[in-house]
$ cat upload25.csv   # CSV, C-alpha atoms and all ligand atoms
chain,number,residue,atom,x,y,z
A,10,MET,CA,-18.9,27.7,19.6
A,11,SER,CA,-15.2,26.9,19.2
A,12,SER,CA,-13.7,28.0,15.9
A,13,LEU,CA,-13.0,25.4,13.2
A,14,VAL,CA,-9.8,25.5,11.3
A,15,THR,CA,-10.4,24.1,7.8
A,16,LEU,CA,-7.7,22.1,5.8
A,17,SER,CA,-7.4,25.0,3.3
A,18,GLU,CA,-6.9,27.6,6.1
A,19,PHE,CA,-4.4,25.4,7.8
A,20,ILE,CA,-2.4,24.8,4.6
A,21,MET,CA,-2.3,28.5,3.9
A,22,GLU,CA,-1.3,29.3,7.5
A,23,ARG,CA,1.5,26.8,7.3
A,24,GLN,CA,2.7,28.1,4.0
A,25,ALA,CA,3.6,31.4,5.7
A,26,ASP,CA,6.1,29.4,7.9
A,27,PHE,CA,8.2,28.9,4.7
A,28,PRO,CA,9.0,32.4,3.5
A,29,TYR,CA,10.2,31.4,0.0
A,30,ALA,CA,7.5,28.9,-0.7
A,31,SER,CA,5.6,29.6,-3.9
A,32,GLY,CA,2.4,28.0,-2.8
A,33,ASP,CA,2.6,25.1,-5.3
A,34,LEU,CA,2.8,22.4,-2.6
A,35,SER,CA,-0.1,24.1,-0.8
A,36,ARG,CA,-2.2,24.0,-3.9
A,37,LEU,CA,-1.3,20.4,-4.6
A,38,LEU,CA,-2.4,19.4,-1.0
A,39,ALA,CA,-5.6,21.3,-1.5
A,40,ASP,CA,-6.3,19.4,-4.8
A,41,ILE,CA,-5.7,16.1,-3.1
A,42,GLY,CA,-8.2,17.2,-0.4
A,43,ILE,CA,-10.8,17.9,-3.1
A,44,ALA,CA,-10.2,14.5,-4.9
A,45,SER,CA,-10.5,12.7,-1.6
A,46,LYS,CA,-13.9,14.3,-1.0
A,47,ILE,CA,-15.0,13.1,-4.4
A,48,ILE,CA,-13.8,9.6,-3.6
A,49,ASN,CA,-15.4,9.8,-0.2
A,50,HIS,CA,-18.7,10.6,-1.8
A,51,GLN,CA,-18.5,7.6,-4.1
A,52,VAL,CA,-17.3,5.3,-1.2
A,53,ASN,CA,-20.3,6.3,0.8
A,54,LYS,CA,-22.6,5.3,-2.0
A,55,ALA,CA,-20.9,2.0,-2.6
A,56,GLY,CA,-23.6,0.0,-0.9
A,57,LEU,CA,-26.4,1.7,-2.8
A,58,GLN,CA,-25.1,1.8,-6.3
A,59,ASP,CA,-24.0,-0.7,-8.9
A,60,ILE,CA,-20.4,0.3,-8.1
A,61,LEU,CA,-19.4,-2.9,-6.3
A,62,GLY,CA,-17.7,-5.9,-7.7
A,63,ALA,CA,-14.6,-6.6,-9.7
A,64,GLU,CA,-14.1,-4.4,-12.7
A,65,GLY,CA,-13.2,-7.4,-14.7
A,66,THR,CA,-9.7,-6.3,-15.2
A,67,THR,CA,-6.6,-7.1,-13.2
A,68,ASN,CA,-4.0,-4.6,-12.1
A,69,VAL,CA,-0.3,-4.8,-12.8
A,70,GLN,CA,0.3,-7.1,-9.8
A,71,GLY,CA,-2.4,-9.5,-11.0
A,72,GLU,CA,-4.9,-8.6,-8.3
A,73,SER,CA,-8.5,-8.2,-9.2
A,74,GLN,CA,-9.5,-4.5,-9.5
A,75,MET,CA,-12.7,-3.2,-8.0
A,76,LYS,CA,-14.7,-0.5,-9.7
A,77,LEU,CA,-13.9,2.0,-6.9
A,78,ASP,CA,-10.2,1.5,-7.4
A,79,VAL,CA,-10.6,2.7,-11.0
A,80,PHE,CA,-12.8,5.6,-10.0
A,81,SER,CA,-10.4,6.7,-7.3
A,82,ASP,CA,-7.4,6.4,-9.6
A,83,HIS,CA,-9.2,8.6,-12.1
A,84,ALA,CA,-10.3,11.2,-9.5
A,85,LEU,CA,-6.8,11.7,-8.2
A,86,PHE,CA,-5.2,11.6,-11.6
A,87,ASN,CA,-7.5,14.3,-13.0
A,88,ALA,CA,-7.3,16.5,-9.9
A,89,VAL,CA,-3.5,16.7,-10.0
A,90,LYS,CA,-3.4,16.9,-13.8
A,91,TRP,CA,-5.6,19.9,-14.0
A,92,GLY,CA,-4.2,21.4,-10.8
A,93,GLY,CA,-0.9,21.7,-12.7
A,94,GLN,CA,1.4,21.3,-9.6
A,95,VAL,CA,2.9,17.9,-10.7
A,96,CYS,CA,4.7,16.9,-13.9
A,97,GLY,CA,3.8,13.3,-13.5
A,98,VAL,CA,2.0,10.6,-11.5
A,99,ALA,CA,2.6,7.0,-10.6
A,100,SER,CA,-0.2,4.9,-9.3
A,101,GLU,CA,-0.4,1.4,-7.8
A,102,GLU,CA,-3.1,0.7,-10.4
A,103,ASN,CA,-1.0,1.4,-13.5
A,104,GLU,CA,1.9,-0.4,-14.9
A,105,THR,CA,4.1,2.6,-15.5
A,106,TYR,CA,4.2,6.3,-14.5
A,107,HIS,CA,2.5,9.0,-16.5
A,108,ALA,CA,4.3,12.2,-17.6
A,109,PHE,CA,1.8,15.0,-18.2
A,110,ASP,CA,2.7,16.5,-21.6
A,111,LEU,CA,0.9,19.8,-20.9
A,112,GLU,CA,2.7,23.1,-20.8
A,113,HIS,CA,1.6,24.0,-17.2
A,114,CYS,CA,2.6,20.5,-16.0
A,115,ARG,CA,6.0,20.5,-17.7
A,116,LYS,CA,6.8,23.5,-15.6
A,117,ALA,CA,5.7,21.9,-12.3
A,118,LYS,CA,8.1,21.1,-9.6
A,119,TYR,CA,6.6,17.9,-8.1
A,120,VAL,CA,5.7,14.3,-8.8
A,121,ILE,CA,3.1,12.3,-6.9
A,122,LEU,CA,2.7,8.6,-6.3
A,123,PHE,CA,-0.5,7.1,-4.9
A,124,ASP,CA,-2.4,4.0,-3.8
A,125,PRO,CA,-5.8,5.4,-4.8
A,126,LEU,CA,-7.8,2.9,-2.8
A,127,ASP,CA,-6.2,0.8,-0.1
A,128,GLY,CA,-8.0,-2.2,1.4
A,129,SER,CA,-10.2,-2.6,-1.6
A,130,SER,CA,-11.2,-6.1,-0.7
A,131,ASN,CA,-13.0,-4.5,2.2
A,132,ILE,CA,-15.3,-2.3,0.1
A,133,ASP,CA,-18.2,-4.8,-0.3
A,134,VAL,CA,-18.3,-5.6,3.5
A,135,ASN,CA,-18.5,-2.0,4.6
A,136,VAL,CA,-15.1,-1.9,6.3
A,137,SER,CA,-12.8,1.1,6.4
A,138,ILE,CA,-10.6,1.7,3.4
A,139,GLY,CA,-8.2,4.5,2.4
A,140,THR,CA,-6.1,6.5,0.0
A,141,ILE,CA,-2.3,7.0,0.4
A,142,PHE,CA,-0.1,9.6,-1.4
A,143,SER,CA,3.5,10.5,-1.5
A,144,ILE,CA,5.0,13.7,-3.1
A,145,PHE,CA,8.6,14.3,-4.2
A,146,ARG,CA,10.4,17.2,-5.8
A,147,ARG,CA,11.2,16.2,-9.4
A,148,ARG,CA,14.8,15.2,-10.4
A,149,SER,CA,14.4,16.1,-14.0
A,150,SER,CA,14.7,19.7,-15.3
A,151,VAL,CA,11.7,21.9,-15.1
A,152,GLY,CA,10.3,22.2,-18.6
A,153,ASP,CA,11.1,18.6,-19.5
A,154,LEU,CA,8.8,15.6,-19.4
A,155,ALA,CA,9.0,13.7,-16.1
A,156,ASN,CA,11.1,10.5,-16.3
A,157,VAL,CA,11.4,7.3,-14.3
A,158,ASN,CA,14.1,8.8,-12.0
A,159,ASP,CA,11.6,11.3,-10.7
A,160,PHE,CA,9.6,8.3,-9.2
A,161,LEU,CA,12.5,6.1,-8.0
A,162,GLN,CA,13.5,8.3,-5.1
A,163,ARG,CA,14.2,7.3,-1.6
A,164,GLY,CA,11.4,7.9,1.0
A,165,CYS,CA,13.6,10.2,3.0
A,166,ASP,CA,13.4,12.7,0.1
A,167,GLN,CA,9.6,13.0,0.3
A,168,VAL,CA,8.4,16.5,0.7
A,169,ALA,CA,4.9,15.5,1.8
A,170,ALA,CA,2.9,12.4,2.3
A,171,GLY,CA,-0.5,11.5,3.7
A,172,TYR,CA,-3.5,9.3,3.7
A,173,VAL,CA,-7.3,9.6,3.8
A,174,ILE,CA,-9.3,7.0,5.8
A,175,TYR,CA,-12.9,6.4,4.9
A,176,GLY,CA,-14.1,5.1,8.2
A,177,SER,CA,-16.8,5.8,10.8
A,178,SER,CA,-15.7,9.4,9.9
A,179,THR,CA,-13.5,10.4,7.0
A,180,MET,CA,-10.1,11.8,8.0
A,181,LEU,CA,-7.1,13.2,6.1
A,182,VAL,CA,-3.8,12.9,7.8
A,183,TYR,CA,-0.6,14.5,6.3
A,184,THR,CA,2.9,15.7,6.9
A,185,THR,CA,5.3,18.0,5.1
A,186,GLY,CA,8.1,17.0,7.5
A,187,HIS,CA,7.0,19.4,10.2
A,188,GLY,CA,4.9,17.1,12.4
A,189,VAL,CA,1.7,15.3,11.5
A,190,ASN,CA,-1.8,16.8,11.5
A,191,GLY,CA,-5.2,15.1,11.1
A,192,PHE,CA,-8.4,16.6,9.7
A,193,THR,CA,-11.9,15.2,10.0
A,194,LEU,CA,-14.5,15.7,7.3
A,195,GLU,CA,-17.4,17.7,8.7
A,196,PRO,CA,-20.2,16.5,6.5
A,197,SER,CA,-22.6,19.3,7.1
A,198,ILE,CA,-20.1,21.9,5.6
A,199,GLY,CA,-18.2,19.5,3.4
A,200,GLU,CA,-14.8,20.6,4.8
A,201,PHE,CA,-11.9,18.8,6.4
A,202,CYS,CA,-11.4,20.5,9.9
A,203,LEU,CA,-8.4,20.2,12.1
A,204,SER,CA,-9.2,17.6,14.7
A,205,HIS,CA,-5.9,16.0,15.5
A,206,PRO,CA,-3.2,18.6,15.7
A,207,ASP,CA,0.5,17.5,16.0
A,208,MET,CA,-0.2,13.8,16.2
A,209,LYS,CA,2.3,11.7,18.2
A,210,ILE,CA,2.3,7.9,18.3
A,211,PRO,CA,2.8,6.4,21.8
A,212,GLU,CA,6.4,5.0,22.2
A,213,ASP,CA,4.9,1.6,23.2
A,214,GLY,CA,1.6,-0.1,22.8
A,215,VAL,CA,-0.3,-3.3,23.3
A,216,ILE,CA,-1.7,-3.9,19.8
A,217,TYR,CA,-0.1,-6.1,17.2
A,218,SER,CA,-1.5,-6.3,13.7
A,219,ILE,CA,-0.5,-9.1,11.4
A,220,ASN,CA,-2.3,-11.6,9.1
A,221,GLU,CA,-1.7,-14.6,11.3
A,222,GLY,CA,-2.9,-16.9,8.6
A,223,ASN,CA,0.6,-16.4,7.1
A,224,LEU,CA,2.5,-16.9,10.3
A,225,ASN,CA,3.8,-20.5,9.6
A,226,SER,CA,5.5,-19.3,6.5
A,227,CYS,CA,7.1,-16.2,8.0
A,228,GLY,CA,10.6,-16.1,9.4
A,229,ALA,CA,11.5,-17.5,12.8
A,230,GLY,CA,12.1,-14.0,14.2
A,231,VAL,CA,8.6,-12.8,13.4
A,232,GLN,CA,7.1,-16.1,14.7
A,233,ALA,CA,9.0,-15.6,18.0
A,234,TYR,CA,7.8,-12.0,18.3
A,235,VAL,CA,4.1,-13.0,17.8
A,236,SER,CA,4.5,-15.7,20.4
A,237,TRP,CA,6.1,-13.2,22.8
A,238,CYS,CA,3.1,-10.8,22.2
A,239,LYS,CA,0.8,-13.7,23.4
A,240,GLU,CA,2.8,-14.6,26.5
A,241,ALA,CA,1.3,-13.5,29.8
A,242,ASP,CA,3.5,-11.0,31.7
A,243,LYS,CA,1.9,-8.3,33.9
A,244,LYS,CA,5.0,-6.1,33.8
A,245,THR,CA,4.8,-5.6,30.1
A,246,SER,CA,0.9,-5.8,29.9
A,247,ARG,CA,1.0,-9.0,28.0
A,248,PRO,CA,-0.8,-10.8,26.4
A,249,TYR,CA,-1.1,-8.0,23.9
A,250,THR,CA,-4.3,-7.5,21.8
A,251,GLY,CA,-4.4,-8.7,18.2
A,252,ARG,CA,-6.2,-6.4,15.8
A,253,TYR,CA,-6.1,-6.8,12.0
A,254,ILE,CA,-8.6,-5.1,9.7
A,255,GLY,CA,-6.8,-6.0,6.4
A,256,SER,CA,-6.8,-2.3,5.2
A,257,LEU,CA,-3.3,-1.0,5.9
A,258,VAL,CA,-4.5,2.6,6.3
A,259,ALA,CA,-7.1,1.6,8.9
A,260,ASP,CA,-4.7,-0.7,10.8
A,261,PHE,CA,-2.0,2.0,10.7
A,262,HIS,CA,-4.4,4.8,11.7
A,263,ARG,CA,-5.6,2.9,14.8
A,264,ASN,CA,-2.1,2.0,15.9
A,265,LEU,CA,-0.9,5.6,15.3
A,266,ILE,CA,-3.5,6.8,17.8
A,267,LYS,CA,-3.5,4.0,20.3
A,268,GLY,CA,0.1,2.7,20.0
A,269,GLY,CA,0.8,-0.6,18.3
A,270,VAL,CA,2.8,-2.4,15.6
A,271,TYR,CA,1.6,-3.4,12.1
A,272,MET,CA,3.6,-6.1,10.4
A,273,TYR,CA,3.5,-7.5,6.8
A,274,PRO,CA,6.6,-9.6,6.7
A,275,GLY,CA,8.0,-11.7,3.9
A,276,THR,CA,6.6,-15.2,3.5
A,277,LEU,CA,7.9,-18.3,1.8
A,278,LYS,CA,5.7,-17.6,-1.2
A,279,ALA,CA,6.3,-13.8,-1.2
A,280,PRO,CA,9.8,-13.1,0.3
A,281,ASP,CA,9.3,-9.4,0.0
A,282,GLY,CA,5.8,-9.4,1.5
A,283,LYS,CA,2.9,-7.8,-0.2
A,284,LEU,CA,3.1,-4.1,0.3
A,285,ARG,CA,4.5,-1.6,-2.2
A,286,LEU,CA,7.4,0.5,-1.1
A,287,GLN,CA,6.5,3.7,-3.0
A,288,TYR,CA,2.7,3.7,-2.7
A,289,GLU,CA,2.2,2.3,0.8
A,290,CYS,CA,5.3,1.9,2.9
A,291,ASN,CA,7.2,5.2,2.2
A,292,PRO,CA,4.3,7.6,2.8
A,293,LEU,CA,3.3,5.8,6.0
A,294,ALA,CA,6.9,5.6,7.1
A,295,PHE,CA,7.3,9.4,6.7
A,296,ILE,CA,4.2,10.0,8.7
A,297,VAL,CA,5.1,7.5,11.5
A,298,GLU,CA,8.6,9.0,11.9
A,299,GLN,CA,7.2,12.5,12.0
A,300,ALA,CA,4.9,11.3,14.8
A,301,GLY,CA,7.8,9.8,16.7
A,302,GLY,CA,7.5,6.2,15.6
A,303,LYS,CA,9.5,3.9,13.4
A,304,ALA,CA,9.2,2.0,10.1
A,305,SER,CA,11.5,-0.9,9.2
A,306,ASP,CA,11.7,-3.7,6.6
A,307,GLY,CA,13.0,-5.9,9.5
A,308,ARG,CA,16.6,-4.9,9.0
A,309,GLY,CA,16.7,-1.2,8.4
A,310,ARG,CA,14.8,2.0,7.9
A,311,ILE,CA,12.2,2.0,5.1
A,312,LEU,CA,12.9,5.6,4.2
A,313,ASP,CA,16.5,4.7,3.3
A,314,ILE,CA,15.7,2.1,0.7
A,315,GLN,CA,16.6,3.0,-2.8
A,316,PRO,CA,13.8,1.9,-5.1
A,317,ARG,CA,14.8,-0.2,-8.1
A,318,SER,CA,11.4,-0.4,-9.7
A,319,LEU,CA,8.0,1.3,-9.6
A,320,HIS,CA,6.1,-1.6,-8.0
A,321,GLN,CA,8.7,-2.9,-5.6
A,322,ARG,CA,7.5,-4.7,-2.6
A,323,VAL,CA,9.1,-4.7,0.9
A,324,PRO,CA,8.4,-6.3,4.2
A,325,LEU,CA,6.9,-3.7,6.6
A,326,PHE,CA,7.1,-3.3,10.4
A,327,ILE,CA,5.7,0.0,11.4
A,328,GLY,CA,4.3,1.7,14.5
A,329,SER,CA,5.4,2.4,18.1
A,330,ARG,CA,9.2,2.8,18.3
A,331,ASN,CA,9.8,0.3,21.1
A,332,MET,CA,7.6,-2.4,19.5
A,333,VAL,CA,9.3,-2.0,16.1
A,334,GLU,CA,12.7,-2.2,17.7
A,335,ARG,CA,11.8,-5.3,19.6
A,336,VAL,CA,10.6,-7.2,16.5
A,337,GLU,CA,13.7,-6.0,14.6
A,338,ALA,CA,15.9,-7.4,17.5
A,339,MET,CA,14.1,-10.7,17.4
A,340,ILE,CA,14.5,-11.0,13.6
A,341,ARG,CA,18.3,-10.2,14.0
A,342,GLN,CA,18.7,-12.7,16.8
A,343,HIS,CA,17.1,-15.5,14.8
A,344,GLU,CA,19.1,-14.7,11.7
A,345,LEU,CA,22.3,-14.9,13.7
A,346,THR,CA,21.5,-18.2,15.2
A,347,GLU,CA,20.4,-19.6,11.9
A,348,ALA,CA,23.6,-18.4,10.1
A,401,LIG,P1,-4.8,-2.8,-1.8
A,401,LIG,O1,-6.2,-2.9,-1.6
A,401,LIG,O2,-4.3,-1.4,-2.1
A,401,LIG,O3,-4.3,-3.8,-2.8
A,401,LIG,O4,-4.0,-3.1,-0.5
A,401,LIG,C1,-4.3,-4.2,0.3
A,401,LIG,C2,-3.2,-4.4,1.3
A,401,LIG,C3,-3.3,-3.6,2.6
A,401,LIG,O5,-4.3,-2.6,2.6
A,401,LIG,C4,-3.6,-4.7,3.6
A,401,LIG,O6,-3.0,-4.4,4.8
A,401,LIG,C5,-3.1,-5.9,3.0
A,401,LIG,O7,-3.2,-5.8,1.6
A,401,LIG,C6,-3.9,-7.1,3.5
A,401,LIG,O8,-3.3,-8.2,2.9
A,401,LIG,P2,-3.7,-9.7,3.4
A,401,LIG,O9,-5.1,-9.9,2.9
A,401,LIG,O10,-2.7,-10.6,2.7
A,401,LIG,O11,-3.5,-9.7,4.9
A,402,MN,MN,-2.9,-0.8,-0.7
A,403,MN,MN,-5.0,-0.1,-3.8
$ encode --input "upload25.csv" --output "C-alpha cells" --more "lines below"
Ligand code: AHG
Ligand code: MN
Ligand code: MN
Amino acid sequence: MSSLVTLSEFIMERQADFPYASGDLSRLLADIGIASKIINHQVNKAGLQDILGAEGTTNVQGESQMKLDVFSDHALFNAVKWGGQVCGVASEENETYHAFDLEHCRKAKYVILFDPLDGSSNIDVNVSIGTIFSIFRRRSSVGDLANVNDFLQRGCDQVAAGYVIYGSSTMLVYTTGHGVNGFTLEPSIGEFCLSHPDMKIPEDGVIYSINEGNLNSCGAGVQAYVSWCKEADKKTSRPYTGRYIGSLVADFHRNLIKGGVYMYPGTLKAPDGKLRLQYECNPLAFIVEQAGGKASDGRGRILDIQPRSLHQRVPLFIGSRNMVERVEAMIRQHELTEA
C-alpha cells in the first residue's frame, strides 16, 4: 500500500522549509481544513435535510442567501476566531469586516477573507460548489484591533490562498507562494490526502467557460474571442469546447487540470462584472499564477489591482496563459479600433 500524506503532515513538512516560521500560518491552514470538513459534511446532507432554500435574508450585494451560505460562513468564522491566528475576517456574506476583540486574536499576524460558499445557486440541483479563502499579513500593529486597511491589500501581497471544491470528491487546493498542491478528502479516514502535488495548468487548452447568455451585452473584444473559439481550424484544435457550470470554483478547477479559460467580463448592466476581487478573483489569481497560468481583468494583472472597497467587483479572465493572453489582445484590439 502506498503511503498517504495527510494535509496536516504536508503543512508541517512545508513549515520546516521556512526556518523562522512560527507555525501560525500552518495552524491557520489546518483550521481552514477542519472548517471545510464541517462544511463538507453539511453539503453532503443538503438533499436530505431541511437545509435547502433561501434563508429569507439577502446578502450585502442583494443576492438571496441560502441556508448553507450562512452555515459555511459561521463555520469558517468560528474556526478562525477560536484558532487565534487571525485578528479579523471579511466575508462575502457580511457588509463589513469583523475585528476580533479577543486578546489572543489582537496578537495575531494575519487576516483572512473568504467566500464561504461559492456557486450557492447550484446547491439544490446537486452540482459542485466550493469555498474560497485569501490570507494576508496584517498592516495594523500587532496588539491593535484589525482595521479596514488590513483587508484592502493588493492580491500580490497574499501569503496564502486556496479553495475547497465539494464535487464528486471533495478537494482542498492551496498555495503559500511555493507552488500549488491539491488534497482529496478520503472519507473513510476523514483526512485530506495529497493527491495532486505541484499542480501546473497547461499553457493552452480547448475549453472556454463563459455565461453565453450575457454575450450580447459584453464588449466587442470578448464577443470576437468567443466567435474565434467557435471557428473551425484544425491547426488550433478549434472549435473549442464550451463548459460552464456556474460555480466559479468548479469551472476554475476543471480548467486548472485540463487547460482552459474562464471569463466573467463586464456587461452593459454590470460594467465590472459579477465576481468579487477580494473573495473570488484574488485567491484564484494567486493559485493560477503559482500553477503557471494567468489572471487578468482584461487589461492587466488581477493581483496588481489596489482594492478601494471590500466588496469590489472586477471582470475576470483566468486560466491557461496563452488563452488569457489571446482574449486580452482581442479586447485591446477592439478598444483601439473603437477609440
Ligand atoms: P456565489 O454563489 O458565491 O454568489 O458566486 C456565484 C458566482 C460564481 O460562482 C459563478 O461563476 C457565477 O456567480 C455565475 O454567475 P452567472 O449565473 O451570472 O453566470
Ligand atoms: Mn462566489
Ligand atoms: Mn458565496
$ residues_near_ligand --input "upload25.csv" --ligand "ligand MN 403 (chain A)" --cutoff "6 Å" --atoms "only C-alpha atoms and all ligand atoms" --output "MDAnalysis selection string"
chainID A and resid 124:127
$ write_last_selection --input "upload25.csv" --atoms "C-alpha atoms" --output "CSV table (one decimal), in the coordinates of the input"
chain,number,residue,atom,x,y,z
A,124,ASP,CA,-2.4,4.0,-3.8
A,125,PRO,CA,-5.8,5.4,-4.8
A,126,LEU,CA,-7.8,2.9,-2.8
A,127,ASP,CA,-6.2,0.8,-0.1
$ atom_distance --input "upload25.csv" --atom1 "atom CA of A:Ile141" --atom2 "atom CA of A:Leu293"
8.0 Å
$ residues_near_ligand --input "upload25.csv" --ligand "ligand LIG 401 (chain A)" --cutoff "7 Å" --atoms "all atoms listed in the file" --output "PyMOL selection string"
chain A and resi 124+126-130+220+255-258+283-284
$ atom_distance --input "upload25.csv" --atom1 "atom CA of A:Gly230" --atom2 "atom CA of A:Met339"
5.0 Å
$ residues_around --input "upload25.csv" --residues "A:Leu111" --least-positions-apart "5" --cutoff "10 Å" --atoms "all atoms listed in the file" --output "list in words"
Lys90, Trp91, Gly93, Cys96, Lys116, Gly152 and Leu154 of chain A
$ closest_residue --input "upload25.csv" --among "A:Ile138, A:Cys238, A:Cys202, A:Ile219" --to "ligand MN 402 (chain A)" --atoms "all atoms listed in the file"
A:Ile138
$ residues_around --input "upload25.csv" --residues "A:Ser45" --least-positions-apart "3" --cutoff "10 Å" --atoms "all atoms listed in the file" --output "list in words"
Ala39, Asp40, Ile41, Gly42, Ile48, Asn49, His50, Gln51, Ser81, Ala84, Leu85, Ala88, Pro125, Gly139, Thr140, Tyr172, Val173, Ile174, Tyr175, Thr179, Met180 and Leu181 of chain A
$ closest_residue --input "upload25.csv" --among "A:Cys227, A:Val136, A:Leu286, A:Val336" --to "ligand MN 402 (chain A)" --atoms "only C-alpha atoms and all ligand atoms"
A:Leu286
$ axis_aligned_box --input "upload25.csv" --around "stretch 137-145 of chain A" --padding-each-side "4 Å" --output "lines of an AutoDock Vina configuration file"
center_x = -2.1
center_y = 7.7
center_z = 1.1
size_x = 29.4
size_y = 21.2
size_z = 18.6
$ closest_residue --input "upload25.csv" --among "A:Gln287, A:Asn87, A:Ser12, A:Thr105" --to "ligand MN 402 (chain A)" --atoms "only C-alpha atoms and all ligand atoms"
A:Gln287
$ atom_distance --input "upload25.csv" --atom1 "atom CA of A:Glu112" --atom2 "atom CA of A:Leu38"
20.8 Å
$ closest_residue --input "upload25.csv" --among "A:Asp159, A:Glu22, A:Glu101, A:Glu195" --to "ligand MN 402 (chain A)" --atoms "only C-alpha atoms and all ligand atoms"
A:Glu101
$ closest_residue --input "upload25.csv" --among "A:Ser246, A:Ser17, A:Ser100, A:Gln24" --to "ligand MN 402 (chain A)" --atoms "all atoms listed in the file"
A:Ser100
$ residues_around --input "upload25.csv" --residues "A:Ile327" --least-positions-apart "5" --cutoff "9 Å" --atoms "all atoms listed in the file" --output "list of chain:residue names"
A:Phe261, A:Gly269, A:Val270, A:Tyr271, A:Met272, A:Cys290, A:Leu293, A:Ala294, A:Val297, A:Gly302, A:Lys303, A:Ala304, A:Ser305, A:Asp306, A:Met332, A:Val333
$ closest_residue --input "upload25.csv" --among "A:Ile43, A:Ala259, A:Leu37, A:Ile311" --to "ligand MN 402 (chain A)" --atoms "only C-alpha atoms and all ligand atoms"
A:Ala259
$ residues_around --input "upload25.csv" --residues "A:Met21" --least-positions-apart "3" --cutoff "12 Å" --atoms "all atoms listed in the file" --output "PDB file with C-alpha atoms, keeping the file's coordinate frame"
ATOM      1  CA  VAL A  14      -9.800  25.500  11.300  1.00  0.00           C
ATOM      2  CA  THR A  15     -10.400  24.100   7.800  1.00  0.00           C
ATOM      3  CA  LEU A  16      -7.700  22.100   5.800  1.00  0.00           C
ATOM      4  CA  SER A  17      -7.400  25.000   3.300  1.00  0.00           C
ATOM      5  CA  GLU A  18      -6.900  27.600   6.100  1.00  0.00           C
ATOM      6  CA  GLN A  24       2.700  28.100   4.000  1.00  0.00           C
ATOM      7  CA  ALA A  25       3.600  31.400   5.700  1.00  0.00           C
ATOM      8  CA  ASP A  26       6.100  29.400   7.900  1.00  0.00           C
ATOM      9  CA  PHE A  27       8.200  28.900   4.700  1.00  0.00           C
ATOM     10  CA  PRO A  28       9.000  32.400   3.500  1.00  0.00           C
ATOM     11  CA  ALA A  30       7.500  28.900  -0.700  1.00  0.00           C
ATOM     12  CA  SER A  31       5.600  29.600  -3.900  1.00  0.00           C
ATOM     13  CA  GLY A  32       2.400  28.000  -2.800  1.00  0.00           C
ATOM     14  CA  ASP A  33       2.600  25.100  -5.300  1.00  0.00           C
ATOM     15  CA  LEU A  34       2.800  22.400  -2.600  1.00  0.00           C
ATOM     16  CA  SER A  35      -0.100  24.100  -0.800  1.00  0.00           C
ATOM     17  CA  ARG A  36      -2.200  24.000  -3.900  1.00  0.00           C
ATOM     18  CA  LEU A  37      -1.300  20.400  -4.600  1.00  0.00           C
ATOM     19  CA  LEU A  38      -2.400  19.400  -1.000  1.00  0.00           C
ATOM     20  CA  ALA A  39      -5.600  21.300  -1.500  1.00  0.00           C
TER      21      ALA A  39
END
